[in-house]
Amino acid sequence: MKIEKRLEELGIELPEPAIPVANYVTTVQTGNLIFTSGHGPGTGEGKIYKSQLGTDATIEEGYESARQVGLGLISTLKHALDDLDRIKRVVKVVGFVNSSADFTDQPAVVNGVSDLLVEVFGDKGKHARSAVGMVQLPGGIPVEVEMVVEIED
Amino acid sequence: MKIEKRLEELGIELPEPAIPVANYVTTVQTGNLIFTSGHGPGTGEGKIYKSQLGTDATIEEGYESARQVGLGLISTLKHALDDLDRIKRVVKVVGFVNSSADFTDQPAVVNGVSDLLVEVFGDKGKHARSAVGMVQLPGGIPVEVEMVVEIED
Amino acid sequence: MKIEKRLEELGIELPEPAIPVANYVTTVQTGNLIFTSGHGPGTGEGKIYKSQLGTDATIEEGYESARQVGLGLISTLKHALDDLDRIKRVVKVVGFVNSSADFTDQPAVVNGVSDLLVEVFGDKGKHARSAVGMVQLPGGIPVEVEMVVEIED
């Protein structure tokens, strides 16, 4: 349970895992890949943090939201895998950032989840990434993130 | 041909499969995964249904469009696989919803394709999903959907 | 080195590979799949080409930008694989197009990368594809593209 220990060292408490409210699930495993659903910052607590980068959220707030999304994703993966040590590599992260027409700092926001993944998983947390600007997101959340993760055989 | 039978029971007639008009294809298989191109509601018939959620399409119309996109995707998969029973699991669905600046109900729209997949494929149709808001989509369609599907060895 | 020869025949010189500036990497390999980060047209040179389709970039300029993004992606893959002949198939391309509220020709823009991939890789370059409209992109670039590529065992 090295990753659990690392979370403790970092003082990180995971939120409850997300519960889908429709005909989909939070993760699907195919071979040794896990595809996650898009997660928002309210995932797991039912709370929704409505805001948009460039309108009423600063880059710092966006970064914090993205970090919170990352915590929810790690919680979802723990729920799916039982043991986070089974994660061999974070393969891909897509960060969808709720953006005003002139907001162009999506990468600085998505760093919130990228930095968390490397803090927690070390080199295994280094992922390929896309960061893009959305006109809106579900429930008005500032950021939604999906992942592809490789697990040990 | 259990899925074919299921489609018949549901009274579902699939549209013609989509035909790409450029240097890409509707599906690529790698190992036992199939990645699809993004499909719109007009795919297969050449018709285009221009509208935007929050502007001139209701959630109900968006849901119906997403269901229609799902039918096109199933048609594309049937064309690629010959036998829809070869589908082991719908792994991932991304729903890109053409959204006004204040439309935040993307999940209610993407449910149109999620509900269809579970109707047709049962538990095998339960997928990881992202639903996001786009400022525009090709041809002004209300929704575009891409999938990753796992097939039997 | 068939692909290197083909690039020479086409008179194509690849840009320097992209260098990520945060806690992510340009590619991750899992099994025989490579997932790339989203690339923009300035990738590799540090230059940024700010513009938006439907606002201050024509379809032709968008197409050229997408082609340039494609060159950067090929450069990244060469850097990751050493030998581009190891590419068995381009599986998936997602083209995120910086779009005004009424721009609906995303596919004509993303053709810039699709056409390049087929020019360079032939049938192996034929991919599943999604083309979507973004309200903004990092640094104000006109187009961002991510890929999934299958490599030989």
# chains A, B, ... in the order shown; residues from 1 in each chain; ligands from 1

$ residues_around --residues "stretch 68-81 of chain B" --least-positions-apart "4" --cutoff "6 Å" --atoms "only C-alpha atoms" --output "list in words"
Leu14, Pro17, Gly40, Pro41 and Val113 of chain B

$ select_by_dssp --residues "chain B" --states "helix (DSSP H, G or I)" --output "MDAnalysis selection string"
chainID B and resid 2:9 59:81 84:86 106:125 138:140

$ interface_residues --of "chain C" --to "chain A" --cutoff "6 Å" --atoms "only C-alpha atoms" --output "number ranges by chain"
C: 23-28, 36-38, 134-140

$ atom_distance --atom1 "atom CA of A:Ile3" --atom2 "atom CA of A:Ile87"
9.4 Å

$ select_by_dssp --residues "stretch 7-153 of chain B" --states "strand (DSSP E)" --output "PyMOL selection string"
chain B and resi 27-30+33-36+87-98+127-134+143-151

$ atom_distance --atom1 "atom CA of C:Arg6" --atom2 "atom CA of C:Pro20"
27.9 Å

$ closest_residue --among "C:Asp82, C:Glu144, C:Glu16, C:Glu4" --to "C:Gln52" --atoms "only C-alpha atoms"
C:Glu144

$ closest_residue --among "C:Ile141, C:Met1, C:Val21, C:Ile12" --to "C:Arg86" --atoms "only C-alpha atoms"
C:Met1
